[in-house]
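Shown next: upload_34.txt, given as compact mmCIF, C-alpha atoms.
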```txt
# COMPACT_ATOMS: atom_id res chain seq x y z
CA MET A 209 -64.64 86.13 -149.46
CA LEU A 210 -66.05 84.17 -152.36
CA ASN A 211 -69.19 82.14 -151.75
CA LYS A 212 -68.68 78.37 -151.78
CA ASN A 213 -71.54 78.12 -154.31
CA TRP A 214 -69.41 80.13 -156.73
CA PHE A 215 -66.68 77.48 -156.54
CA ARG A 216 -69.25 74.69 -156.89
CA ASN A 217 -70.80 76.26 -159.96
CA LYS A 218 -67.41 76.99 -161.50
CA PHE A 219 -66.32 73.40 -160.91
CA TRP A 220 -69.44 71.83 -162.43
CA ARG A 221 -69.41 74.15 -165.44
CA GLN A 222 -65.87 73.04 -166.18
CA VAL A 223 -66.81 69.39 -165.72
CA LEU A 224 -69.82 69.69 -168.01
CA GLU A 225 -67.72 71.29 -170.71
CA LEU A 226 -64.95 68.70 -170.43
CA ALA A 227 -67.60 65.98 -170.56
CA THR A 228 -68.87 67.22 -173.93
CA PRO A 229 -67.25 65.30 -176.80
CA GLU A 230 -66.06 66.96 -180.00
CA GLY A 231 -67.53 65.45 -183.14
CA ALA A 232 -69.84 63.07 -181.30
CA SER A 233 -71.46 60.46 -183.54
CA SER A 234 -73.40 58.45 -180.99
CA TYR A 235 -75.56 58.97 -177.92
CA ARG A 236 -73.01 56.83 -176.05
CA ASP A 237 -70.57 59.75 -176.36
CA PHE A 238 -72.81 61.75 -174.01
CA THR A 239 -73.13 59.14 -171.25
CA PHE A 240 -70.87 60.92 -168.77
CA LYS A 241 -72.33 64.37 -169.43
CA ASN A 242 -75.86 63.04 -168.91
CA TRP A 243 -74.72 61.47 -165.64
CA CYS A 244 -73.38 64.86 -164.53
CA LEU A 245 -76.64 66.60 -165.40
CA ARG A 246 -78.58 64.00 -163.40
CA ARG A 247 -76.16 64.43 -160.52
CA LEU A 248 -76.98 68.15 -160.56
CA GLY A 249 -80.70 67.38 -160.33
CA ALA A 250 -81.93 67.38 -163.92
CA ARG A 251 -84.16 64.56 -165.13
CA VAL A 252 -82.49 63.28 -168.28
CA GLY A 253 -83.90 60.40 -170.31
CA GLU A 254 -82.12 57.80 -172.40
CA ASN A 255 -80.22 58.68 -175.57
CA VAL A 256 -79.91 62.42 -174.97
CA ALA A 257 -77.25 64.65 -176.52
CA VAL A 258 -76.46 68.07 -175.01
CA GLY A 259 -73.85 70.04 -176.93
CA ARG A 260 -70.93 72.21 -175.94
CA ARG A 261 -71.18 75.48 -174.00
CA PHE A 262 -74.59 74.57 -172.58
CA ASP A 263 -75.71 77.32 -170.20
CA CYS A 264 -78.20 76.85 -167.38
CA LEU A 265 -79.00 77.80 -163.80
CA LEU A 266 -77.15 75.05 -161.96
CA HIS A 267 -78.87 75.68 -158.63
CA LEU A 268 -82.29 75.28 -160.30
CA LEU A 269 -81.45 72.38 -162.59
CA SER A 270 -83.93 70.09 -160.84
CA ALA A 271 -86.65 71.98 -162.75
CA LEU A 272 -85.34 70.65 -166.08
CA HIS A 273 -86.80 67.47 -167.57
CA ILE A 274 -85.40 66.13 -170.87
CA ASP A 275 -87.16 63.08 -172.31
CA ASN A 276 -85.67 60.28 -174.42
CA HIS A 277 -83.98 60.92 -177.78
CA VAL A 278 -83.53 64.69 -177.46
CA ASN A 279 -80.76 66.46 -179.36
CA ILE A 280 -79.58 69.85 -178.06
CA SER A 281 -76.89 71.48 -180.20
CA ASN A 282 -73.97 73.69 -179.13
CA ASP A 283 -74.38 77.10 -177.46
CA VAL A 284 -77.91 76.56 -176.15
CA ALA A 285 -79.11 78.21 -172.91
CA ILE A 286 -82.00 76.93 -170.80
CA TYR A 287 -82.82 79.12 -167.81
CA ALA A 288 -85.36 77.10 -165.85
CA PHE A 289 -86.85 79.38 -163.19
CA GLY A 290 -89.81 76.99 -163.14
CA LYS A 291 -90.38 73.57 -164.63
CA VAL A 292 -89.10 73.11 -168.20
CA SER A 293 -89.87 69.87 -170.03
CA ILE A 294 -88.62 68.82 -173.46
CA GLY A 295 -90.41 65.96 -175.21
CA SER A 296 -88.89 62.99 -177.00
CA PHE A 297 -87.39 63.34 -180.48
CA THR A 298 -87.14 67.11 -180.16
CA ALA A 299 -84.18 68.75 -181.91
CA ILE A 300 -82.82 72.14 -180.84
CA ALA A 301 -80.36 73.97 -183.10
CA SER A 302 -77.42 76.06 -181.91
CA HIS A 303 -77.70 79.45 -180.16
CA CYS A 304 -81.27 78.98 -178.92
CA VAL A 305 -82.37 80.46 -175.60
CA PHE A 306 -85.20 79.25 -173.35
CA THR A 307 -86.47 80.95 -170.23
CA ASN A 308 -89.72 80.79 -168.31
CA GLY A 309 -88.82 83.58 -165.92
CA THR A 310 -90.42 86.96 -166.62
CA HIS A 311 -91.36 90.16 -164.78
CA ASP A 312 -94.71 91.80 -164.21
CA ILE A 313 -94.84 94.78 -166.57
CA SER A 314 -96.21 97.15 -163.94
CA THR A 315 -94.38 96.10 -160.78
CA HIS A 316 -91.35 94.31 -162.28
CA GLN A 317 -91.97 91.53 -159.76
CA PRO A 318 -90.29 88.31 -160.96
CA LYS A 319 -92.54 85.40 -161.85
CA ALA A 320 -92.22 82.04 -163.57
CA GLY A 321 -94.43 79.33 -165.01
CA ARG A 322 -94.14 75.99 -166.75
CA LEU A 323 -92.47 75.83 -170.17
CA VAL A 324 -93.39 72.74 -172.19
CA ILE A 325 -91.76 71.65 -175.45
CA GLY A 326 -93.70 68.79 -177.01
CA ARG A 327 -92.48 65.71 -178.85
CA GLY A 328 -90.87 65.84 -182.27
CA VAL A 329 -90.46 69.63 -182.18
CA PHE A 330 -87.77 71.23 -184.32
CA ILE A 331 -86.39 74.57 -183.09
CA GLY A 332 -84.21 76.44 -185.57
CA LEU A 333 -80.97 78.34 -185.15
CA GLY A 334 -81.07 81.24 -182.71
CA ALA A 335 -84.73 80.93 -181.74
CA ARG A 336 -85.94 82.38 -178.43
CA ILE A 337 -88.63 80.72 -176.32
CA ILE A 338 -89.71 83.17 -173.61
CA GLY A 339 -92.17 82.81 -170.79
CA PRO A 340 -94.45 80.05 -169.57
CA VAL A 341 -95.57 78.68 -172.94
CA THR A 342 -96.48 75.31 -174.43
CA ILE A 343 -95.22 74.22 -177.85
CA GLY A 344 -97.26 71.37 -179.28
CA ASP A 345 -95.99 68.11 -180.76
CA ASN A 346 -94.32 68.28 -184.20
CA ALA A 347 -94.26 72.08 -184.25
CA LEU A 348 -91.47 73.83 -186.16
CA ILE A 349 -89.94 77.05 -184.86
CA ALA A 350 -88.05 78.90 -187.60
CA ALA A 351 -84.53 80.23 -187.18
CA GLY A 352 -84.47 83.50 -185.25
CA ALA A 353 -88.11 83.30 -184.17
CA THR A 354 -89.20 84.64 -180.78
CA VAL A 355 -91.99 82.60 -179.23
CA ILE A 356 -93.95 84.33 -176.46
CA SER A 357 -97.27 82.45 -176.61
CA ASP A 358 -98.53 78.89 -176.98
CA VAL A 359 -97.96 77.06 -180.25
CA PRO A 360 -100.50 74.47 -181.46
CA GLU A 361 -99.16 71.10 -182.54
CA GLY A 362 -97.83 70.81 -186.07
CA MET A 363 -97.65 74.56 -186.70
CA VAL A 364 -94.75 76.44 -188.33
CA MET A 365 -93.87 79.63 -186.45
CA ALA A 366 -91.62 82.45 -187.67
CA GLY A 367 -90.84 86.07 -186.89
CA ASN A 368 -90.55 88.32 -183.83
CA PRO A 369 -92.94 87.86 -182.20
CA ALA A 370 -93.48 84.47 -183.80
CA LYS A 371 -96.64 84.01 -185.85
CA CYS A 372 -98.07 80.95 -187.53
CA ILE A 373 -97.16 80.79 -191.23
CA GLY A 374 -98.53 77.34 -192.00
CA ARG A 375 -98.71 73.72 -191.01
CA ARG A 376 -95.61 71.55 -191.00
CA PRO A 377 -95.74 68.83 -193.66
CA LEU A 378 -94.79 65.53 -192.05
CA ALA A 379 -93.51 62.43 -193.75
CA LYS A 380 -94.32 58.96 -192.48
CA ARG A 381 -90.85 58.83 -190.97
CA VAL A 382 -88.60 61.64 -189.71
CA TRP A 383 -84.81 61.65 -189.33
CA HIS A 384 -83.19 62.29 -185.95
CA PHE A 385 -79.63 62.39 -184.54
CA PRO A 386 -77.37 60.46 -184.95
CA ASP A 387 -78.98 58.52 -187.81
CA LEU A 388 -82.35 57.35 -186.54
CA TRP A 389 -85.83 57.42 -187.98
CA TYR A 390 -89.04 57.73 -186.02
CA ASP A 391 -92.78 57.75 -186.68
CA PRO A 392 -94.07 61.31 -185.98
CA SER A 393 -97.59 60.06 -185.27
CA THR A 394 -96.61 57.56 -182.56
CA PHE A 395 -93.12 58.84 -181.60
CA THR A 396 -91.64 55.38 -181.91
CA LEU A 397 -88.39 54.33 -183.54
CA ILE A 398 -88.41 52.81 -186.98
CA ASP A 399 -85.36 50.60 -186.91
CA ASN A 400 -86.15 47.54 -188.98
CA PRO A 401 -86.11 46.92 -192.74
CA ALA A 402 -89.89 46.57 -192.88
CA GLY A 403 -90.25 50.10 -191.50
CA GLU A 404 -92.55 49.05 -188.68
CA ALA A 405 -92.55 51.33 -185.63
CA GLN A 406 -91.03 49.99 -182.43
CA PRO A 407 -92.42 51.42 -179.15
CA LEU A 408 -90.11 53.31 -176.80
CA PRO A 409 -90.61 53.74 -173.05
CA GLN A 410 -91.55 57.31 -172.15
CA ASN A 411 -90.46 59.15 -169.04
CA GLU A 412 -93.19 60.61 -166.90
CA PRO A 413 -93.56 64.41 -167.35
```
Can the structure in the file be given as structure tokens, please?
Amino acid sequence: MLNKNWFRNKFWRQVLELATPEGASSYRDFTFKNWCLRRLGARVGENVAVGRRFDCLLHLLSALHIDNHVNISNDVAIYAFGKVSIGSFTAIASHCVFTNGTHDISTHQPKAGRLVIGRGVFIGLGARIIGPVTIGDNALIAAGATVISDVPEGMVMAGNPAKCIGRRPLAKRVWHFPDLWYDPSTFTLIDNPAGEAQPLPQNEP
């Protein structure tokens, strides 16, 4: 006899997929999906976009915290065995995988720790973030990189395992989905002709 949790998970996975709009051009298009994620226990900020075929551990979704103005592309998996937090204005490209669950190399005993993605981080196509690590603000993770240790803020990481190859050059304003600009030093929107930064409320970590 099938476990009732199997039916629950199957139901919510279908709902989450149906709630994901094709060709979304606004954060408003993700309102219902964000409501579903909150209903399942995740902490989701304002103006968040989570793409199609998002994979996660539904029974542990309360460990996931997504701050304001985060863009997660299609085919991303976040396996939150412990707390996972994603800072504001972070952009995650397609086919990335995050997990903070690992095994002890001698005993194979499962263990997990906190995984922290800072603000304004860009994570390229197919990157892997593994283990309890912290990625600093404005870091850039290259496509296909495998991150297994902490990343200082503003660094560019590439390779497997990922190594620092330089510092990310930052303009005074940075583009973000769907067509926004923000100040990477204050993480505030720039939405007026004068280009002055407007403060945004931040969720507590």
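Every protein or nucleic acid residue with an atom no more than 12 Å from A:Leu388, counting all atoms listed in the file and leaving out same-chain residues fewer than 2 positions away, appears here: Ser233, Ser234, Tyr235, Asn255, His277, Val278, Asn279, Phe297, Arg381, Val382, Trp383, His384, Phe385, Pro386, Tyr390, Asp391, Phe395, Thr396, Leu397, Ile398, Asp399, Asn400, Gly403 and Ala405 of chain A.
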For the interface of stretch 209-302 of chain A with stretch 342-360 of chain A (cut-off 10 Å, counting only C-alpha atoms), please tabulate each contacting residue of stretch 209-302 of chain A alongside its nearest pair of atoms and their separation in Å to one decimal, rows sorted by chain and increasing number, as a Markdown table.
```
| residue | atom | partner | partner_atom | distance |
| --- | --- | --- | --- | --- |
| A:Val292 | CA | A:Thr342 | CA | 9.9 |
| A:Ser293 | CA | A:Thr342 | CA | 9.6 |
| A:Ile294 | CA | A:Ile343 | CA | 9.6 |
| A:Gly295 | CA | A:Asp345 | CA | 8.2 |
| A:Ser296 | CA | A:Asp345 | CA | 9.5 |
| A:Phe297 | CA | A:Asn346 | CA | 9.3 |
| A:Thr298 | CA | A:Asn346 | CA | 8.3 |
| A:Ala299 | CA | A:Leu348 | CA | 9.8 |
| A:Ile300 | CA | A:Ile349 | CA | 9.5 |
| A:Ala301 | CA | A:Ala351 | CA | 8.6 |
| A:Ser302 | CA | A:Ala351 | CA | 9.8 |
```
Query - Residue with smallest distance to A:Val329 - pool A:Thr307, A:Leu224, A:Lys291, A:Leu378, counting all atoms listed in the file - result: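 Nearest candidate to A:Val329 out of A:Thr307, A:Leu224, A:Lys291, A:Leu378: A:Leu378.
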Query - Contacts of A:Asn308 at 8 Å (only C-alpha atoms; same-chain gap of 4+ positions) as a list in words - result: Tyr287, Ala288, Phe289, Gly290, Val292, Ala320, Gly321, Arg322, Leu323, Ile338, Gly339, Pro340 and Val341 of chain A
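Going from atom CA of A:Phe215 to atom CA of A:Leu265 covers 14.3 Å.
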Query raised in the report: So how many Å separate atom CA of A:Ser314 and atom CA of A:Cys264, to one decimal?
Result: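 That distance, rounded to one decimal, is 27.4 Å.
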Query raised in the report: Hey, can you check how far atom CA of A:Pro377 sits from atom CA of A:Ser393?
Result: 12.3 Å
Could you work out an axis-aligned box for stretch 251-258 of chain A, taking every atom the file lists and adding 6 Å on each side, and report centre and edge lengths in Å to one decimal, as JSON?
```
{"center_x": -80.3, "center_y": 62.9, "center_z": -170.8, "size_x": 19.7, "size_y": 22.3, "size_z": 23.4}
```
Report task. Return the single residue from A:Phe262, A:Phe306, A:Trp214, A:Phe240 that is closest to A:Ser281, with distances computed using only C-alpha atoms. Result -> A:Phe262
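Every polymer residue reaching to within 9 Å of (-86.3, 64.9, -166.5), counting only C-alpha atoms, appears in this list: Arg246, Gly249, Ala250, Arg251, Val252, Gly253, Ser270, Ala271, Leu272, His273, Ile274, Asp275, Val292, Ser293, Ile294, Asn411, Glu412 and Pro413 of chain A.
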So that I can look at just that part, could you write stretch 303-346 of chain A with N, CA and C atoms, as an mmCIF file, in the first residue's frame?
```
data_model
loop_
_atom_site.group_PDB
_atom_site.id
_atom_site.type_symbol
_atom_site.label_atom_id
_atom_site.label_comp_id
_atom_site.auth_asym_id
_atom_site.auth_seq_id
_atom_site.Cartn_x
_atom_site.Cartn_y
_atom_site.Cartn_z
ATOM 1 N N HIS A 303 19.782 24.288 -14.607
ATOM 2 C CA HIS A 303 20.499 23.029 -14.384
ATOM 3 C C HIS A 303 21.533 23.105 -13.255
ATOM 4 N N CYS A 304 21.336 24.010 -12.313
ATOM 5 C CA CYS A 304 22.202 24.053 -11.140
ATOM 6 C C CYS A 304 21.657 23.130 -10.054
ATOM 7 N N VAL A 305 22.555 22.618 -9.221
ATOM 8 C CA VAL A 305 22.167 21.737 -8.121
ATOM 9 C C VAL A 305 22.811 22.248 -6.833
ATOM 10 N N PHE A 306 21.998 22.307 -5.773
ATOM 11 C CA PHE A 306 22.470 22.712 -4.454
ATOM 12 C C PHE A 306 22.125 21.612 -3.456
ATOM 13 N N THR A 307 23.070 21.262 -2.618
ATOM 14 C CA THR A 307 22.764 20.354 -1.521
ATOM 15 C C THR A 307 23.727 20.610 -0.376
ATOM 16 N N ASN A 308 23.193 20.587 0.832
ATOM 17 C CA ASN A 308 24.069 20.723 2.002
ATOM 18 C C ASN A 308 24.089 19.441 2.822
ATOM 19 N N GLY A 309 23.651 18.362 2.224
ATOM 20 C CA GLY A 309 23.730 17.058 2.861
ATOM 21 C C GLY A 309 24.934 16.288 2.330
ATOM 22 N N THR A 310 25.767 15.794 3.217
ATOM 23 C CA THR A 310 26.941 15.023 2.821
ATOM 24 C C THR A 310 27.047 13.779 3.700
ATOM 25 N N HIS A 311 28.121 13.021 3.516
ATOM 26 C CA HIS A 311 28.384 11.837 4.336
ATOM 27 C C HIS A 311 29.806 11.910 4.868
ATOM 28 N N ASP A 312 30.006 11.441 6.071
ATOM 29 C CA ASP A 312 31.340 11.305 6.625
ATOM 30 C C ASP A 312 32.135 10.314 5.761
ATOM 31 N N ILE A 313 33.358 10.689 5.394
ATOM 32 C CA ILE A 313 34.097 9.846 4.444
ATOM 33 C C ILE A 313 34.546 8.517 5.045
ATOM 34 N N SER A 314 34.603 8.417 6.358
ATOM 35 C CA SER A 314 35.042 7.161 6.960
ATOM 36 C C SER A 314 33.883 6.273 7.396
ATOM 37 N N THR A 315 32.820 6.889 7.906
ATOM 38 C CA THR A 315 31.689 6.095 8.402
ATOM 39 C C THR A 315 30.474 6.131 7.483
ATOM 40 N N HIS A 316 30.477 7.050 6.516
ATOM 41 C CA HIS A 316 29.331 7.266 5.625
ATOM 42 C C HIS A 316 28.098 7.779 6.367
ATOM 43 N N GLN A 317 28.264 8.201 7.615
ATOM 44 C CA GLN A 317 27.124 8.733 8.363
ATOM 45 C C GLN A 317 26.657 10.040 7.726
ATOM 46 N N PRO A 318 25.343 10.174 7.466
ATOM 47 C CA PRO A 318 24.844 11.420 6.874
ATOM 48 C C PRO A 318 25.019 12.595 7.828
ATOM 49 N N LYS A 319 25.275 13.756 7.251
ATOM 50 C CA LYS A 319 25.364 14.981 8.033
ATOM 51 C C LYS A 319 24.994 16.153 7.142
ATOM 52 N N ALA A 320 24.624 17.264 7.768
ATOM 53 C CA ALA A 320 24.227 18.450 7.012
ATOM 54 C C ALA A 320 24.607 19.692 7.795
ATOM 55 N N GLY A 321 24.784 20.781 7.087
ATOM 56 C CA GLY A 321 25.082 22.068 7.693
ATOM 57 C C GLY A 321 24.439 23.171 6.889
ATOM 58 N N ARG A 322 24.650 24.395 7.320
ATOM 59 C CA ARG A 322 23.985 25.530 6.679
ATOM 60 C C ARG A 322 24.678 25.898 5.359
ATOM 61 N N LEU A 323 23.869 26.133 4.333
ATOM 62 C CA LEU A 323 24.355 26.592 3.039
ATOM 63 C C LEU A 323 23.832 28.010 2.817
ATOM 64 N N VAL A 324 24.751 28.955 2.629
ATOM 65 C CA VAL A 324 24.376 30.368 2.525
ATOM 66 C C VAL A 324 24.846 30.934 1.185
ATOM 67 N N ILE A 325 23.907 31.431 0.407
ATOM 68 C CA ILE A 325 24.212 32.145 -0.828
ATOM 69 C C ILE A 325 23.968 33.621 -0.541
ATOM 70 N N GLY A 326 24.972 34.445 -0.715
ATOM 71 C CA GLY A 326 24.857 35.856 -0.386
ATOM 72 C C GLY A 326 23.979 36.640 -1.344
ATOM 73 N N ARG A 327 24.077 37.947 -1.257
ATOM 74 C CA ARG A 327 23.282 38.850 -2.096
ATOM 75 C C ARG A 327 24.026 39.152 -3.405
ATOM 76 N N GLY A 328 23.251 39.312 -4.473
ATOM 77 C CA GLY A 328 23.843 39.685 -5.747
ATOM 78 C C GLY A 328 24.762 38.651 -6.356
ATOM 79 N N VAL A 329 24.613 37.397 -5.965
ATOM 80 C CA VAL A 329 25.459 36.320 -6.496
ATOM 81 C C VAL A 329 24.914 35.871 -7.854
ATOM 82 N N PHE A 330 25.803 35.589 -8.783
ATOM 83 C CA PHE A 330 25.399 35.008 -10.062
ATOM 84 C C PHE A 330 25.988 33.611 -10.154
ATOM 85 N N ILE A 331 25.129 32.622 -10.403
ATOM 86 C CA ILE A 331 25.554 31.223 -10.481
ATOM 87 C C ILE A 331 25.247 30.708 -11.877
ATOM 88 N N GLY A 332 26.286 30.343 -12.610
ATOM 89 C CA GLY A 332 26.161 29.999 -14.016
ATOM 90 C C GLY A 332 25.574 28.627 -14.280
ATOM 91 N N LEU A 333 25.290 28.384 -15.528
ATOM 92 C CA LEU A 333 24.638 27.166 -16.006
ATOM 93 C C LEU A 333 25.334 25.904 -15.502
ATOM 94 N N GLY A 334 24.540 25.022 -14.875
ATOM 95 C CA GLY A 334 25.037 23.705 -14.500
ATOM 96 C C GLY A 334 26.012 23.670 -13.346
ATOM 97 N N ALA A 335 26.112 24.740 -12.582
ATOM 98 C CA ALA A 335 27.018 24.736 -11.434
ATOM 99 C C ALA A 335 26.492 23.825 -10.333
ATOM 100 N N ARG A 336 27.396 23.345 -9.483
ATOM 101 C CA ARG A 336 27.048 22.491 -8.349
ATOM 102 C C ARG A 336 27.583 23.141 -7.077
ATOM 103 N N ILE A 337 26.707 23.322 -6.109
ATOM 104 C CA ILE A 337 27.092 23.863 -4.807
ATOM 105 C C ILE A 337 26.855 22.752 -3.793
ATOM 106 N N ILE A 338 27.924 22.212 -3.217
ATOM 107 C CA ILE A 338 27.827 20.985 -2.420
ATOM 108 C C ILE A 338 28.394 21.210 -1.030
ATOM 109 N N GLY A 339 27.577 20.837 -0.049
ATOM 110 C CA GLY A 339 28.039 20.872 1.331
ATOM 111 C C GLY A 339 27.672 22.153 2.051
ATOM 112 N N PRO A 340 27.932 22.215 3.328
ATOM 113 C CA PRO A 340 27.649 23.423 4.109
ATOM 114 C C PRO A 340 28.693 24.496 3.820
ATOM 115 N N VAL A 341 28.416 25.336 2.830
ATOM 116 C CA VAL A 341 29.351 26.382 2.420
ATOM 117 C C VAL A 341 28.656 27.737 2.455
ATOM 118 N N THR A 342 29.461 28.787 2.435
ATOM 119 C CA THR A 342 28.961 30.157 2.354
ATOM 120 C C THR A 342 29.564 30.829 1.126
ATOM 121 N N ILE A 343 28.698 31.393 0.292
ATOM 122 C CA ILE A 343 29.140 32.136 -0.889
ATOM 123 C C ILE A 343 28.871 33.614 -0.624
ATOM 124 N N GLY A 344 29.916 34.412 -0.644
ATOM 125 C CA GLY A 344 29.807 35.812 -0.286
ATOM 126 C C GLY A 344 29.058 36.657 -1.296
ATOM 127 N N ASP A 345 28.649 37.846 -0.869
ATOM 128 C CA ASP A 345 27.928 38.782 -1.732
ATOM 129 C C ASP A 345 28.701 39.047 -3.027
ATOM 130 N N ASN A 346 27.943 39.181 -4.118
ATOM 131 C CA ASN A 346 28.474 39.578 -5.433
ATOM 132 C C ASN A 346 29.478 38.586 -6.015
#
```
